[in-house]
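For reference, run.txt (compact mmCIF, C-alpha atoms and all ligand atoms):
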# COMPACT_ATOMS: atom_id res chain seq x y z
CA MET A 701 14.47 -23.54 15.12
CA ASP A 702 17.10 -21.67 17.13
CA LEU A 703 16.33 -20.67 20.70
CA PHE A 704 17.48 -17.60 22.55
CA GLU A 705 19.78 -18.19 25.51
CA TYR A 706 16.99 -17.61 28.03
CA GLN A 707 14.76 -20.15 26.28
CA GLY A 708 17.64 -22.60 26.03
CA LYS A 709 18.31 -22.25 29.77
CA GLN A 710 14.65 -22.79 30.57
CA TYR A 711 14.76 -25.86 28.32
CA PHE A 712 17.94 -27.11 30.04
CA ALA A 713 16.32 -26.66 33.45
CA LYS A 714 13.50 -29.02 32.44
CA PHE A 715 16.12 -31.72 31.93
CA GLY A 716 17.81 -31.06 35.27
CA ILE A 717 20.82 -29.14 33.94
CA PRO A 718 21.87 -26.54 36.52
CA VAL A 719 21.55 -22.92 35.36
CA SER A 720 21.62 -19.65 37.30
CA ALA A 721 18.42 -18.23 38.74
CA GLY A 722 17.15 -15.50 36.46
CA ASP A 723 14.41 -14.20 34.24
CA VAL A 724 13.85 -12.40 30.97
CA ALA A 725 13.16 -8.65 30.81
CA HIS A 726 11.77 -6.53 27.99
CA THR A 727 12.19 -3.23 29.84
CA VAL A 728 14.66 -1.58 32.21
CA ASP A 729 12.05 -1.68 34.99
CA GLU A 730 11.60 -5.42 34.54
CA ALA A 731 15.38 -5.89 34.62
CA VAL A 732 15.56 -4.01 37.94
CA ALA A 733 12.65 -5.99 39.41
CA ILE A 734 14.34 -9.30 38.49
CA SER A 735 17.66 -8.15 39.98
CA GLU A 736 15.98 -7.18 43.25
CA ARG A 737 14.31 -10.57 43.32
CA VAL A 738 17.33 -12.80 42.55
CA GLY A 739 19.81 -10.64 44.48
CA TYR A 740 23.00 -8.78 43.51
CA PRO A 741 25.41 -9.10 41.85
CA VAL A 742 23.60 -9.95 38.61
CA VAL A 743 24.65 -10.34 34.99
CA VAL A 744 22.60 -8.52 32.34
CA LYS A 745 22.79 -10.43 29.03
CA ALA A 746 21.61 -9.32 25.60
CA GLN A 747 19.28 -11.91 24.02
CA VAL A 748 20.30 -12.15 20.39
CA GLN A 749 20.99 -15.25 18.34
CA VAL A 750 24.61 -14.48 17.63
CA GLY A 751 27.81 -15.33 19.49
CA GLY A 752 30.40 -12.94 20.91
CA ARG A 753 27.88 -10.88 22.83
CA GLY A 754 30.38 -10.25 25.60
CA LYS A 755 32.93 -8.61 23.33
CA ALA A 756 30.17 -6.48 21.77
CA GLY A 757 29.24 -5.04 25.17
CA GLY A 758 26.07 -7.09 25.46
CA ILE A 759 26.98 -8.83 28.73
CA LYS A 760 27.52 -6.72 31.87
CA LEU A 761 27.93 -7.36 35.55
CA ALA A 762 25.83 -5.18 37.88
CA ASN A 763 26.46 -4.87 41.60
CA ASN A 764 23.50 -2.69 42.47
CA LYS A 765 20.31 -1.11 41.17
CA ALA A 766 22.09 1.89 39.64
CA GLU A 767 24.33 -0.40 37.59
CA VAL A 768 21.40 -2.50 36.39
CA LEU A 769 19.66 0.70 35.28
CA THR A 770 22.74 1.78 33.32
CA HIS A 771 23.46 -1.59 31.73
CA ALA A 772 19.86 -2.53 30.90
CA THR A 773 19.33 0.93 29.36
CA ASN A 774 22.46 0.53 27.24
CA ILE A 775 21.89 -3.06 26.18
CA LEU A 776 18.16 -2.94 25.35
CA GLY A 777 17.95 -1.62 21.79
CA MET A 778 21.66 -2.22 21.16
CA ASP A 779 22.64 -3.53 17.72
CA ILE A 780 24.88 -6.62 17.90
CA LYS A 781 26.08 -7.72 14.47
CA GLY A 782 22.81 -6.61 12.89
CA HIS A 783 20.59 -8.09 15.63
CA VAL A 784 18.64 -5.55 17.68
CA VAL A 785 18.34 -6.48 21.36
CA LYS A 786 14.67 -6.68 22.36
CA ARG A 787 15.16 -8.58 25.61
CA VAL A 788 17.78 -9.11 28.27
CA TRP A 789 18.25 -12.11 30.51
CA VAL A 790 19.11 -11.13 34.07
CA GLU A 791 20.64 -13.80 36.28
CA CYS A 792 22.61 -14.22 39.50
CA ALA A 793 26.27 -13.64 38.71
CA SER A 794 28.51 -16.67 39.04
CA ASP A 795 32.08 -16.92 40.29
CA ILE A 796 34.10 -18.74 37.66
CA ALA A 797 37.13 -20.94 38.36
CA GLU A 798 37.29 -22.54 34.91
CA GLU A 799 35.38 -22.51 31.64
CA TYR A 800 34.71 -25.62 29.52
CA TYR A 801 32.80 -26.44 26.34
CA ALA A 802 30.25 -29.23 25.78
CA SER A 803 27.84 -30.00 22.97
CA PHE A 804 25.81 -32.74 21.32
CA THR A 805 24.96 -32.72 17.65
CA LEU A 806 24.04 -35.24 15.00
CA ASP A 807 26.85 -36.50 12.79
CA ARG A 808 24.89 -37.42 9.68
CA ALA A 809 27.83 -39.00 7.86
CA ALA A 810 28.59 -41.29 10.80
CA LYS A 811 24.87 -41.86 11.51
CA GLN A 812 25.61 -41.27 15.19
CA HIS A 813 25.34 -38.57 17.77
CA LEU A 814 28.48 -36.57 18.44
CA LEU A 815 29.72 -35.28 21.76
CA MET A 816 32.27 -32.48 21.63
CA LEU A 817 33.99 -31.61 24.85
CA SER A 818 36.85 -29.28 25.64
CA ALA A 819 38.59 -27.90 28.68
CA GLN A 820 39.03 -24.69 26.68
CA GLY A 821 35.60 -23.09 26.88
CA GLY A 822 34.33 -19.53 26.94
CA VAL A 823 35.79 -18.80 23.51
CA GLU A 824 34.31 -19.68 20.13
CA ILE A 825 34.80 -23.41 19.59
CA GLU A 826 35.75 -22.73 15.97
CA ASP A 827 38.74 -20.77 17.29
CA VAL A 828 39.78 -23.67 19.52
CA ALA A 829 39.38 -26.04 16.57
CA ALA A 830 41.59 -23.81 14.41
CA LYS A 831 44.33 -23.23 17.01
CA ASP A 832 44.45 -26.53 18.84
CA PRO A 833 42.18 -29.23 17.42
CA THR A 834 43.53 -31.79 19.90
CA ALA A 835 41.95 -29.73 22.69
CA ILE A 836 38.51 -30.93 21.54
CA VAL A 837 37.46 -34.48 22.35
CA LYS A 838 35.00 -35.89 19.83
CA LEU A 839 33.08 -38.97 20.82
CA HIS A 840 30.45 -40.69 18.70
CA ILE A 841 27.47 -41.97 20.62
CA ASN A 842 25.39 -44.83 19.30
CA PRO A 843 21.84 -43.49 19.66
CA ILE A 844 20.55 -46.97 20.62
CA VAL A 845 23.03 -47.18 23.48
CA GLY A 846 23.23 -43.54 24.59
CA ILE A 847 25.83 -42.27 27.04
CA ASP A 848 26.28 -43.30 30.67
CA GLU A 849 28.15 -41.55 33.48
CA ALA A 850 31.23 -43.75 33.14
CA THR A 851 31.62 -43.00 29.44
CA ALA A 852 30.97 -39.32 30.07
CA LYS A 853 33.59 -39.28 32.83
CA LYS A 854 36.16 -40.91 30.57
CA ALA A 855 35.44 -38.25 27.94
CA ALA A 856 35.98 -35.58 30.60
CA ALA A 857 39.32 -37.16 31.55
CA ASP A 858 40.31 -37.40 27.88
CA ALA A 859 39.47 -33.72 27.48
CA LYS A 860 41.88 -32.98 30.38
CA ILE A 861 39.15 -31.57 32.54
CA PRO A 862 40.62 -31.59 36.06
CA ALA A 863 39.73 -34.53 38.28
CA LYS A 864 37.77 -32.39 40.72
CA ALA A 865 35.35 -31.33 37.97
CA GLN A 866 34.98 -34.66 36.15
CA ASP A 867 32.01 -36.02 38.12
CA GLY A 868 30.11 -32.76 37.79
CA VAL A 869 30.85 -32.53 34.08
CA ALA A 870 29.87 -36.19 33.53
CA ALA A 871 26.54 -35.70 35.32
CA ILE A 872 25.75 -32.69 33.15
CA LEU A 873 26.77 -34.51 29.97
CA VAL A 874 24.28 -37.29 30.71
CA LYS A 875 21.53 -34.72 31.33
CA LEU A 876 22.52 -32.71 28.27
CA TYR A 877 22.26 -35.88 26.19
CA GLY A 878 18.78 -36.45 27.64
CA CYS A 879 17.86 -32.92 26.62
CA PHE A 880 19.35 -33.45 23.16
CA THR A 881 17.47 -36.71 22.49
CA LYS A 882 14.20 -36.49 24.46
CA GLY A 883 14.08 -32.76 23.80
CA ASP A 884 14.50 -33.32 20.03
CA CYS A 885 17.43 -30.95 19.55
CA ASP A 886 19.64 -30.61 16.49
CA LEU A 887 22.18 -28.93 18.73
CA ALA A 888 22.52 -28.63 22.50
CA GLU A 889 25.60 -26.61 23.42
CA ILE A 890 26.95 -25.20 26.67
CA ASN A 891 29.74 -22.64 26.29
CA PRO A 892 30.95 -21.93 28.85
CA LEU A 893 30.23 -24.84 31.10
CA ILE A 894 31.78 -23.51 34.28
CA LEU A 895 33.46 -24.88 37.35
CA LYS A 896 32.72 -22.66 40.33
CA PRO A 897 35.31 -22.14 43.08
CA THR A 898 32.94 -24.15 45.29
CA GLY A 899 33.36 -27.18 43.00
CA GLU A 900 29.95 -27.15 41.33
CA VAL A 901 29.61 -27.43 37.56
CA HIS A 902 27.01 -25.26 35.91
CA ALA A 903 25.75 -24.07 32.50
CA LEU A 904 26.51 -20.38 32.04
CA ASP A 905 25.26 -20.14 28.46
CA ALA A 906 22.83 -22.16 26.33
CA LYS A 907 22.67 -22.66 22.62
CA VAL A 908 19.80 -24.89 21.57
CA SER A 909 18.51 -25.60 18.11
CA LEU A 910 15.30 -27.64 17.95
CA ASP A 911 14.47 -30.10 15.20
CA GLY A 912 11.42 -28.58 13.49
CA ASN A 913 10.36 -32.03 12.30
CA ALA A 914 9.54 -32.95 15.90
CA LEU A 915 7.17 -30.01 16.37
CA PHE A 916 4.15 -32.33 16.27
CA ARG A 917 5.10 -33.90 19.60
CA HIS A 918 6.00 -30.63 21.31
CA PRO A 919 2.95 -28.39 21.61
CA GLU A 920 4.99 -26.37 24.15
CA TRP A 921 7.30 -25.24 21.33
CA GLU A 922 4.59 -22.86 20.12
CA ALA A 923 5.92 -20.35 22.66
CA PHE A 924 9.33 -20.54 20.95
CA ARG A 925 7.82 -20.06 17.51
CA ALA A 926 6.19 -16.83 18.69
CA THR A 927 9.58 -15.22 19.36
CA GLU A 928 11.37 -16.74 16.39
CA GLU A 929 13.39 -14.21 14.42
CA LEU A 930 12.00 -14.43 10.91
CA ASP A 931 12.49 -11.89 8.19
CA ASP A 932 9.34 -10.43 6.61
CA ARG A 933 9.54 -12.85 3.68
CA GLU A 934 9.75 -15.84 6.00
CA ARG A 935 6.89 -14.53 8.10
CA LEU A 936 4.68 -14.22 5.00
CA ALA A 937 5.72 -17.70 3.88
CA ARG A 938 4.85 -19.14 7.27
CA GLU A 939 1.39 -17.51 7.13
CA LYS A 940 0.93 -19.28 3.81
CA ASP A 941 2.27 -22.54 5.21
CA LEU A 942 5.17 -22.75 2.73
CA GLN A 943 8.54 -24.43 3.24
CA TYR A 944 10.58 -21.28 2.60
CA ILE A 945 13.98 -20.01 3.68
CA GLY A 946 15.10 -16.51 2.71
CA LEU A 947 18.57 -16.14 1.16
CA ASP A 948 20.37 -13.06 -0.14
CA GLY A 949 20.57 -13.59 -3.92
CA ASP A 950 18.36 -12.36 -6.77
CA VAL A 951 17.03 -15.53 -8.43
CA GLY A 952 13.73 -16.59 -6.85
CA ILE A 953 13.40 -20.38 -6.62
CA ILE A 954 10.33 -22.59 -6.65
CA ALA A 955 10.75 -26.36 -6.82
CA ASN A 956 8.72 -29.43 -5.94
CA GLY A 957 10.51 -31.51 -3.34
CA ALA A 958 13.22 -30.45 -0.91
CA GLY A 959 15.93 -32.41 -2.74
CA LEU A 960 15.11 -30.81 -6.08
CA ALA A 961 14.97 -27.38 -4.41
CA MET A 962 18.45 -27.95 -2.98
CA SER A 963 19.76 -29.09 -6.36
CA THR A 964 18.20 -26.01 -7.91
CA LEU A 965 20.17 -23.78 -5.53
CA ASP A 966 23.30 -25.72 -6.50
CA VAL A 967 22.79 -25.39 -10.23
CA VAL A 968 22.05 -21.66 -9.93
CA SER A 969 25.27 -21.26 -8.00
CA GLN A 970 27.12 -23.47 -10.50
CA VAL A 971 26.29 -21.08 -13.35
CA GLY A 972 27.42 -18.09 -11.30
CA GLY A 973 24.09 -16.91 -9.88
CA LYS A 974 22.75 -16.46 -6.37
CA ALA A 975 19.43 -17.80 -5.15
CA ALA A 976 17.07 -15.46 -3.31
CA ASN A 977 15.44 -18.28 -1.41
CA PHE A 978 14.74 -21.94 -0.92
CA LEU A 979 11.10 -22.85 -1.56
CA ASP A 980 9.73 -26.37 -1.74
CA ILE A 981 6.09 -26.51 -2.81
CA GLY A 982 5.99 -30.26 -2.23
CA GLY A 983 3.75 -32.66 -4.11
CA GLY A 984 0.79 -30.48 -5.04
CA ALA A 985 1.16 -27.60 -7.44
CA ASN A 986 -2.35 -26.24 -7.93
CA ALA A 987 -3.21 -22.59 -8.56
CA GLU A 988 -3.68 -21.82 -4.85
CA LEU A 989 -0.27 -23.12 -3.91
CA MET A 990 1.47 -21.59 -6.94
CA THR A 991 -0.19 -18.25 -6.19
CA SER A 992 1.04 -18.34 -2.58
CA ALA A 993 4.53 -19.28 -3.73
CA LEU A 994 4.69 -16.51 -6.33
CA GLU A 995 3.31 -13.97 -3.86
CA VAL A 996 6.09 -14.73 -1.40
CA ILE A 997 8.76 -14.60 -4.15
CA ASN A 998 7.28 -11.37 -5.52
CA PHE A 999 7.35 -9.81 -2.06
CA ASP A 1000 11.16 -10.06 -2.07
CA THR A 1001 12.33 -6.88 -3.82
CA ASN A 1002 15.77 -8.41 -4.52
CA VAL A 1003 14.28 -10.95 -6.91
CA LYS A 1004 15.18 -10.19 -10.56
CA SER A 1005 14.13 -13.50 -12.10
CA ILE A 1006 12.19 -16.58 -11.00
CA PHE A 1007 13.27 -20.13 -11.69
CA ILE A 1008 10.48 -22.70 -11.37
CA ASN A 1009 11.91 -26.20 -11.41
CA ILE A 1010 9.34 -28.99 -11.51
CA PHE A 1011 9.87 -32.68 -11.96
CA GLY A 1012 6.49 -34.36 -12.14
CA GLY A 1013 6.17 -37.67 -10.37
CA ILE A 1014 2.79 -37.91 -8.73
CA THR A 1015 2.54 -34.19 -9.47
CA ARG A 1016 1.35 -33.88 -13.07
CA GLY A 1017 2.92 -31.38 -15.45
CA ASP A 1018 -0.42 -30.25 -16.89
CA GLU A 1019 -1.75 -29.48 -13.38
CA VAL A 1020 1.39 -27.50 -12.61
CA ALA A 1021 1.11 -25.55 -15.85
CA LYS A 1022 -2.54 -24.68 -15.19
CA GLY A 1023 -1.56 -23.60 -11.69
CA ILE A 1024 1.16 -21.30 -13.03
CA VAL A 1025 -1.06 -19.73 -15.69
CA GLU A 1026 -3.80 -19.05 -13.15
CA ALA A 1027 -1.32 -17.77 -10.53
CA MET A 1028 0.18 -15.37 -13.09
CA ARG A 1029 -3.31 -13.94 -13.64
CA ARG A 1030 -3.67 -13.35 -9.91
CA VAL A 1031 -0.22 -12.01 -9.05
CA GLN A 1032 1.34 -9.02 -10.82
CA LEU A 1033 4.90 -10.33 -10.98
CA ARG A 1034 7.81 -7.89 -11.16
CA ALA A 1035 10.27 -10.51 -12.42
CA PRO A 1036 10.14 -12.90 -15.41
CA ILE A 1037 9.80 -16.65 -14.94
CA VAL A 1038 11.98 -19.37 -16.43
CA ILE A 1039 10.49 -22.80 -16.08
CA ARG A 1040 11.89 -26.25 -16.49
CA LEU A 1041 9.03 -28.72 -16.52
CA ASP A 1042 9.79 -32.41 -16.78
CA GLY A 1043 8.36 -35.78 -15.77
CA THR A 1044 4.74 -36.90 -15.77
CA ASN A 1045 2.64 -35.08 -18.40
CA ALA A 1046 5.43 -32.59 -19.11
CA GLU A 1047 4.49 -32.37 -22.81
CA GLU A 1048 0.89 -31.48 -21.98
CA GLY A 1049 2.12 -28.97 -19.40
CA ARG A 1050 4.47 -27.22 -21.83
CA LYS A 1051 1.67 -26.99 -24.37
CA ILE A 1052 -0.63 -25.35 -21.82
CA LEU A 1053 2.08 -22.79 -21.01
CA ALA A 1054 2.76 -22.12 -24.70
CA ASP A 1055 -0.95 -21.72 -25.48
CA ALA A 1056 -1.61 -19.36 -22.57
CA GLY A 1057 -0.57 -16.33 -24.60
CA ILE A 1058 2.00 -15.16 -22.05
CA PRO A 1059 4.91 -13.37 -23.79
CA THR A 1060 8.25 -15.19 -23.48
CA SER A 1061 9.67 -12.06 -21.87
CA ARG A 1062 7.46 -12.97 -18.87
CA LEU A 1063 7.51 -16.76 -19.02
CA MET A 1064 9.96 -18.93 -20.88
CA SER A 1065 10.36 -22.65 -20.89
CA LYS A 1066 13.73 -24.43 -21.02
CA PRO A 1067 14.19 -28.15 -21.60
CA THR A 1068 16.85 -28.80 -18.94
CA MET A 1069 17.63 -27.64 -15.44
CA LEU A 1070 21.03 -26.29 -16.50
CA GLU A 1071 19.66 -24.27 -19.40
CA ALA A 1072 16.87 -22.92 -17.24
CA ALA A 1073 19.37 -21.93 -14.55
CA ARG A 1074 21.54 -20.12 -17.14
CA ALA A 1075 18.54 -18.24 -18.49
CA ALA A 1076 17.32 -17.27 -15.01
CA VAL A 1077 20.77 -16.05 -13.99
CA ASP A 1078 21.23 -14.11 -17.24
CA LEU A 1079 17.85 -12.44 -16.73
CA ALA A 1080 18.76 -11.57 -13.14
CA ASN A 1081 21.95 -9.97 -14.48
CA GLY A 1082 19.92 -7.83 -16.87
CA LYS A 1083 20.91 -9.72 -20.03
CA THR A 1084 18.35 -10.52 -22.69
CA VAL A 1085 17.79 -14.21 -23.22
P1 LIG B 1 28.62 -15.29 24.34
O1 LIG B 1 29.99 -14.67 24.33
O2 LIG B 1 27.67 -14.51 23.49
O3 LIG B 1 28.63 -16.74 24.00
O4 LIG B 1 28.05 -15.13 25.84
P2 LIG B 1 28.29 -16.05 27.15
O5 LIG B 1 27.02 -16.21 27.84
O6 LIG B 1 29.00 -17.31 26.79
O7 LIG B 1 29.23 -15.16 28.05
C1 LIG B 1 30.50 -14.74 27.63
C2 LIG B 1 31.45 -14.65 28.80
O8 LIG B 1 30.95 -13.72 29.76
C3 LIG B 1 31.60 -15.95 29.57
O9 LIG B 1 32.52 -16.82 28.96
C4 LIG B 1 32.08 -15.45 30.90
O10 LIG B 1 33.47 -15.26 30.88
C5 LIG B 1 31.39 -14.10 31.05
N1 LIG B 1 30.24 -14.24 31.97
C6 LIG B 1 28.94 -14.52 31.65
N2 LIG B 1 28.20 -14.66 32.78
C7 LIG B 1 29.03 -14.48 33.82
C8 LIG B 1 28.88 -14.54 35.24
O11 LIG B 1 27.81 -14.80 35.80
N3 LIG B 1 30.00 -14.31 35.99
C9 LIG B 1 31.21 -14.05 35.43
N4 LIG B 1 32.23 -13.83 36.23
N5 LIG B 1 31.39 -13.99 34.10
C10 LIG B 1 30.32 -14.21 33.31
MN MN B 2 28.70 -18.50 25.04
Just give me the structure of the file as structure tokens.
Amino acid sequence: MDLFEYQGKQYFAKFGIPVSAGDVAHTVDEAVAISERVGYPVVVKAQVQVGGRGKAGGIKLANNKAEVLTHATNILGMDIKGHVVKRVWVECASDIAEEYYASFTLDRAAKQHLLMLSAQGGVEIEDVAAKDPTAIVKLHINPIVGIDEATAKKAAADAKIPAKAQDGVAAILVKLYGCFTKGDCDLAEINPLILKPTGEVHALDAKVSLDGNALFRHPEWEAFRATEELDDRERLAREKDLQYIGLDGDVGIIANGAGLAMSTLDVVSQVGGKAANFLDIGGGANAELMTSALEVINFDTNVKSIFINIFGGITRGDEVAKGIVEAMRRVQLRAPIVIRLDGTNAEEGRKILADAGIPTSRLMSKPTMLEAARAAVDLANGKTV
């Protein structure tokens, strides 16, 4: 779950990371009230989950009330790379001497946490990586050991952060790591991390992605879920409690198990198709669940064919087949289904599907994943199968 900058900064503040005083505004009046409260000059910042807001005109300095009025009016409602600005964050403007970059992520291959630190901040880190990869220090952190100030300071020195800023940077790195681990983040990034002319180090931006699997121990994350930017399909899926991610292709996908769902996306892509979504219906596959899944897929007007990929383990093929037959009675599907049903009780399941009297133009069974993918992609491309 990705946070907006203002939420990320509020999250940072809980872990003692210094951020500028500010607040979030939904209206021009609110933006003015915040500015009057925190004092001029202020920076008015568009809250959208996309980088490069500055270049797009979504970040403006305001020295007085008239300027806040102008900038807040312009920025609220602005479209930045397809994201409409619904809120602005208004904070005390900072004087900047230097801009750095710092982040913690999980390096799955190394099975360790990864610190990335650079003295070249304020620009997209991908650009730094492309132009001058040596300008980014990468340090693996053993999650059992963590990172202490001395290690953080050495990383700062290695990153050629000037001596006068190293202590401040190191202190923030330790706190940022605390935020990353105790705060259950997938990503905690500060870009730019600034050095002020006064010598203080400070987070001027916040990019935080929370690990959804830790939701159970963070009841306070509910507030973040309320503002999450979901498309209509994802919103419907969430109402139905489905593990769904919207994509931009035309083959609707339903699979049991996240791994199989991922493989299904791969095989669709391998035969030249594009998946419309990821959808894992998990272990159960009764009529209720199958109906919900098909409703969400059917809601997506891009979907031209539906590929149901089931490997029965504990899930039994006959149960799945009954679920599909019943769901197809309940939902008027626009697109045809191709199913690959294998594993426990697959024979019984295929027989139930065959005996249901559904024309093969609406539901066809294929013996392997690859053949099913080919058929689904052909159908999506308007070919007869
Ligand atoms: P992003 O481009 O969307 O990542 O937005 P950022 O929050 O990182 O801001 C982009 C740039 O705007 C920063 O790198 C700064 O150069 C500038 N900026 C943002 N806030 C301030 C501020 O308070 N004072 C000054 N002088 N510049 C700022
Ligand atoms: Mn930034």
Would you name the residues within 10 Å of ligand LIG 1 (chain B), counting all atoms listed in the file, and put them as JSON, numbers by chain?
{"A": [705, 720, 741, 742, 743, 744, 745, 746, 747, 748, 749, 750, 751, 752, 753, 754, 755, 756, 757, 758, 759, 760, 761, 790, 791, 792, 793, 794, 795, 796, 797, 798, 799, 800, 801, 821, 822, 823, 824, 890, 891, 892, 893, 894, 896, 903, 904, 905, 906, 907]}
Generate a file of the selected residues that holds C-alpha atoms, formatted as a PDB file, keeping the file's coordinate frame.
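Result file is selection-v6.pdb:
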ATOM      1  CA  GLU A 705      19.780 -18.190  25.510  1.00  0.00           C
ATOM      2  CA  SER A 720      21.620 -19.650  37.300  1.00  0.00           C
ATOM      3  CA  PRO A 741      25.410  -9.100  41.850  1.00  0.00           C
ATOM      4  CA  VAL A 742      23.600  -9.950  38.610  1.00  0.00           C
ATOM      5  CA  VAL A 743      24.650 -10.340  34.990  1.00  0.00           C
ATOM      6  CA  VAL A 744      22.600  -8.520  32.340  1.00  0.00           C
ATOM      7  CA  LYS A 745      22.790 -10.430  29.030  1.00  0.00           C
ATOM      8  CA  ALA A 746      21.610  -9.320  25.600  1.00  0.00           C
ATOM      9  CA  GLN A 747      19.280 -11.910  24.020  1.00  0.00           C
ATOM     10  CA  VAL A 748      20.300 -12.150  20.390  1.00  0.00           C
ATOM     11  CA  GLN A 749      20.990 -15.250  18.340  1.00  0.00           C
ATOM     12  CA  VAL A 750      24.610 -14.480  17.630  1.00  0.00           C
ATOM     13  CA  GLY A 751      27.810 -15.330  19.490  1.00  0.00           C
ATOM     14  CA  GLY A 752      30.400 -12.940  20.910  1.00  0.00           C
ATOM     15  CA  ARG A 753      27.880 -10.880  22.830  1.00  0.00           C
ATOM     16  CA  GLY A 754      30.380 -10.250  25.600  1.00  0.00           C
ATOM     17  CA  LYS A 755      32.930  -8.610  23.330  1.00  0.00           C
ATOM     18  CA  ALA A 756      30.170  -6.480  21.770  1.00  0.00           C
ATOM     19  CA  GLY A 757      29.240  -5.040  25.170  1.00  0.00           C
ATOM     20  CA  GLY A 758      26.070  -7.090  25.460  1.00  0.00           C
ATOM     21  CA  ILE A 759      26.980  -8.830  28.730  1.00  0.00           C
ATOM     22  CA  LYS A 760      27.520  -6.720  31.870  1.00  0.00           C
ATOM     23  CA  LEU A 761      27.930  -7.360  35.550  1.00  0.00           C
ATOM     24  CA  VAL A 790      19.110 -11.130  34.070  1.00  0.00           C
ATOM     25  CA  GLU A 791      20.640 -13.800  36.280  1.00  0.00           C
ATOM     26  CA  CYS A 792      22.610 -14.220  39.500  1.00  0.00           C
ATOM     27  CA  ALA A 793      26.270 -13.640  38.710  1.00  0.00           C
ATOM     28  CA  SER A 794      28.510 -16.670  39.040  1.00  0.00           C
ATOM     29  CA  ASP A 795      32.080 -16.920  40.290  1.00  0.00           C
ATOM     30  CA  ILE A 796      34.100 -18.740  37.660  1.00  0.00           C
ATOM     31  CA  ALA A 797      37.130 -20.940  38.360  1.00  0.00           C
ATOM     32  CA  GLU A 798      37.290 -22.540  34.910  1.00  0.00           C
ATOM     33  CA  GLU A 799      35.380 -22.510  31.640  1.00  0.00           C
ATOM     34  CA  TYR A 800      34.710 -25.620  29.520  1.00  0.00           C
ATOM     35  CA  TYR A 801      32.800 -26.440  26.340  1.00  0.00           C
ATOM     36  CA  GLY A 821      35.600 -23.090  26.880  1.00  0.00           C
ATOM     37  CA  GLY A 822      34.330 -19.530  26.940  1.00  0.00           C
ATOM     38  CA  VAL A 823      35.790 -18.800  23.510  1.00  0.00           C
ATOM     39  CA  GLU A 824      34.310 -19.680  20.130  1.00  0.00           C
ATOM     40  CA  ILE A 890      26.950 -25.200  26.670  1.00  0.00           C
ATOM     41  CA  ASN A 891      29.740 -22.640  26.290  1.00  0.00           C
ATOM     42  CA  PRO A 892      30.950 -21.930  28.850  1.00  0.00           C
ATOM     43  CA  LEU A 893      30.230 -24.840  31.100  1.00  0.00           C
ATOM     44  CA  ILE A 894      31.780 -23.510  34.280  1.00  0.00           C
ATOM     45  CA  LYS A 896      32.720 -22.660  40.330  1.00  0.00           C
ATOM     46  CA  ALA A 903      25.750 -24.070  32.500  1.00  0.00           C
ATOM     47  CA  LEU A 904      26.510 -20.380  32.040  1.00  0.00           C
ATOM     48  CA  ASP A 905      25.260 -20.140  28.460  1.00  0.00           C
ATOM     49  CA  ALA A 906      22.830 -22.160  26.330  1.00  0.00           C
ATOM     50  CA  LYS A 907      22.670 -22.660  22.620  1.00  0.00           C
TER      51      LYS A 907
END
Coordinates-based distance that separates atom CA of Arg933 of chain A from atom CA of Asn998 of chain A (Å, one decimal):
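Computed distance, atom CA of Asn998 of chain A to atom CA of Arg933 of chain A, equals 9.6 Å.
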Minimum-distance residue to His902 of chain A, chosen among A:Leu817, A:Met701, A:Ile945, A:Val719 (using only C-alpha atoms)
A:Val719
Could you tell me how far atom CA of Phe712 of chain A sits from atom CA of Ser818 of chain A, in Å to one decimal place?
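According to the coordinates, atom CA of Ser818 of chain A and atom CA of Phe712 of chain A are separated by 19.5 Å.
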Could you give me, as a PDB file with C-alpha atoms, keeping the file's coordinate frame, the residues within 12 Å of Gly946 of chain A, counting all atoms listed in the file and dropping anything in the same chain fewer than 6 positions from it?
ATOM      1  CA  LEU A 930      12.000 -14.430  10.910  1.00  0.00           C
ATOM      2  CA  ASP A 931      12.490 -11.890   8.190  1.00  0.00           C
ATOM      3  CA  ASP A 932       9.340 -10.430   6.610  1.00  0.00           C
ATOM      4  CA  ARG A 933       9.540 -12.850   3.680  1.00  0.00           C
ATOM      5  CA  GLU A 934       9.750 -15.840   6.000  1.00  0.00           C
ATOM      6  CA  ARG A 935       6.890 -14.530   8.100  1.00  0.00           C
ATOM      7  CA  LEU A 936       4.680 -14.220   5.000  1.00  0.00           C
ATOM      8  CA  ALA A 937       5.720 -17.700   3.880  1.00  0.00           C
ATOM      9  CA  ARG A 938       4.850 -19.140   7.270  1.00  0.00           C
ATOM     10  CA  GLY A 952      13.730 -16.590  -6.850  1.00  0.00           C
ATOM     11  CA  ILE A 953      13.400 -20.380  -6.620  1.00  0.00           C
ATOM     12  CA  LYS A 974      22.750 -16.460  -6.370  1.00  0.00           C
ATOM     13  CA  ALA A 975      19.430 -17.800  -5.150  1.00  0.00           C
ATOM     14  CA  ALA A 976      17.070 -15.460  -3.310  1.00  0.00           C
ATOM     15  CA  ASN A 977      15.440 -18.280  -1.410  1.00  0.00           C
ATOM     16  CA  PHE A 978      14.740 -21.940  -0.920  1.00  0.00           C
ATOM     17  CA  LEU A 979      11.100 -22.850  -1.560  1.00  0.00           C
ATOM     18  CA  VAL A 996       6.090 -14.730  -1.400  1.00  0.00           C
ATOM     19  CA  ILE A 997       8.760 -14.600  -4.150  1.00  0.00           C
ATOM     20  CA  PHE A 999       7.350  -9.810  -2.060  1.00  0.00           C
ATOM     21  CA  ASP A1000      11.160 -10.060  -2.070  1.00  0.00           C
ATOM     22  CA  THR A1001      12.330  -6.880  -3.820  1.00  0.00           C
ATOM     23  CA  ASN A1002      15.770  -8.410  -4.520  1.00  0.00           C
ATOM     24  CA  VAL A1003      14.280 -10.950  -6.910  1.00  0.00           C
TER      25      VAL A1003
END
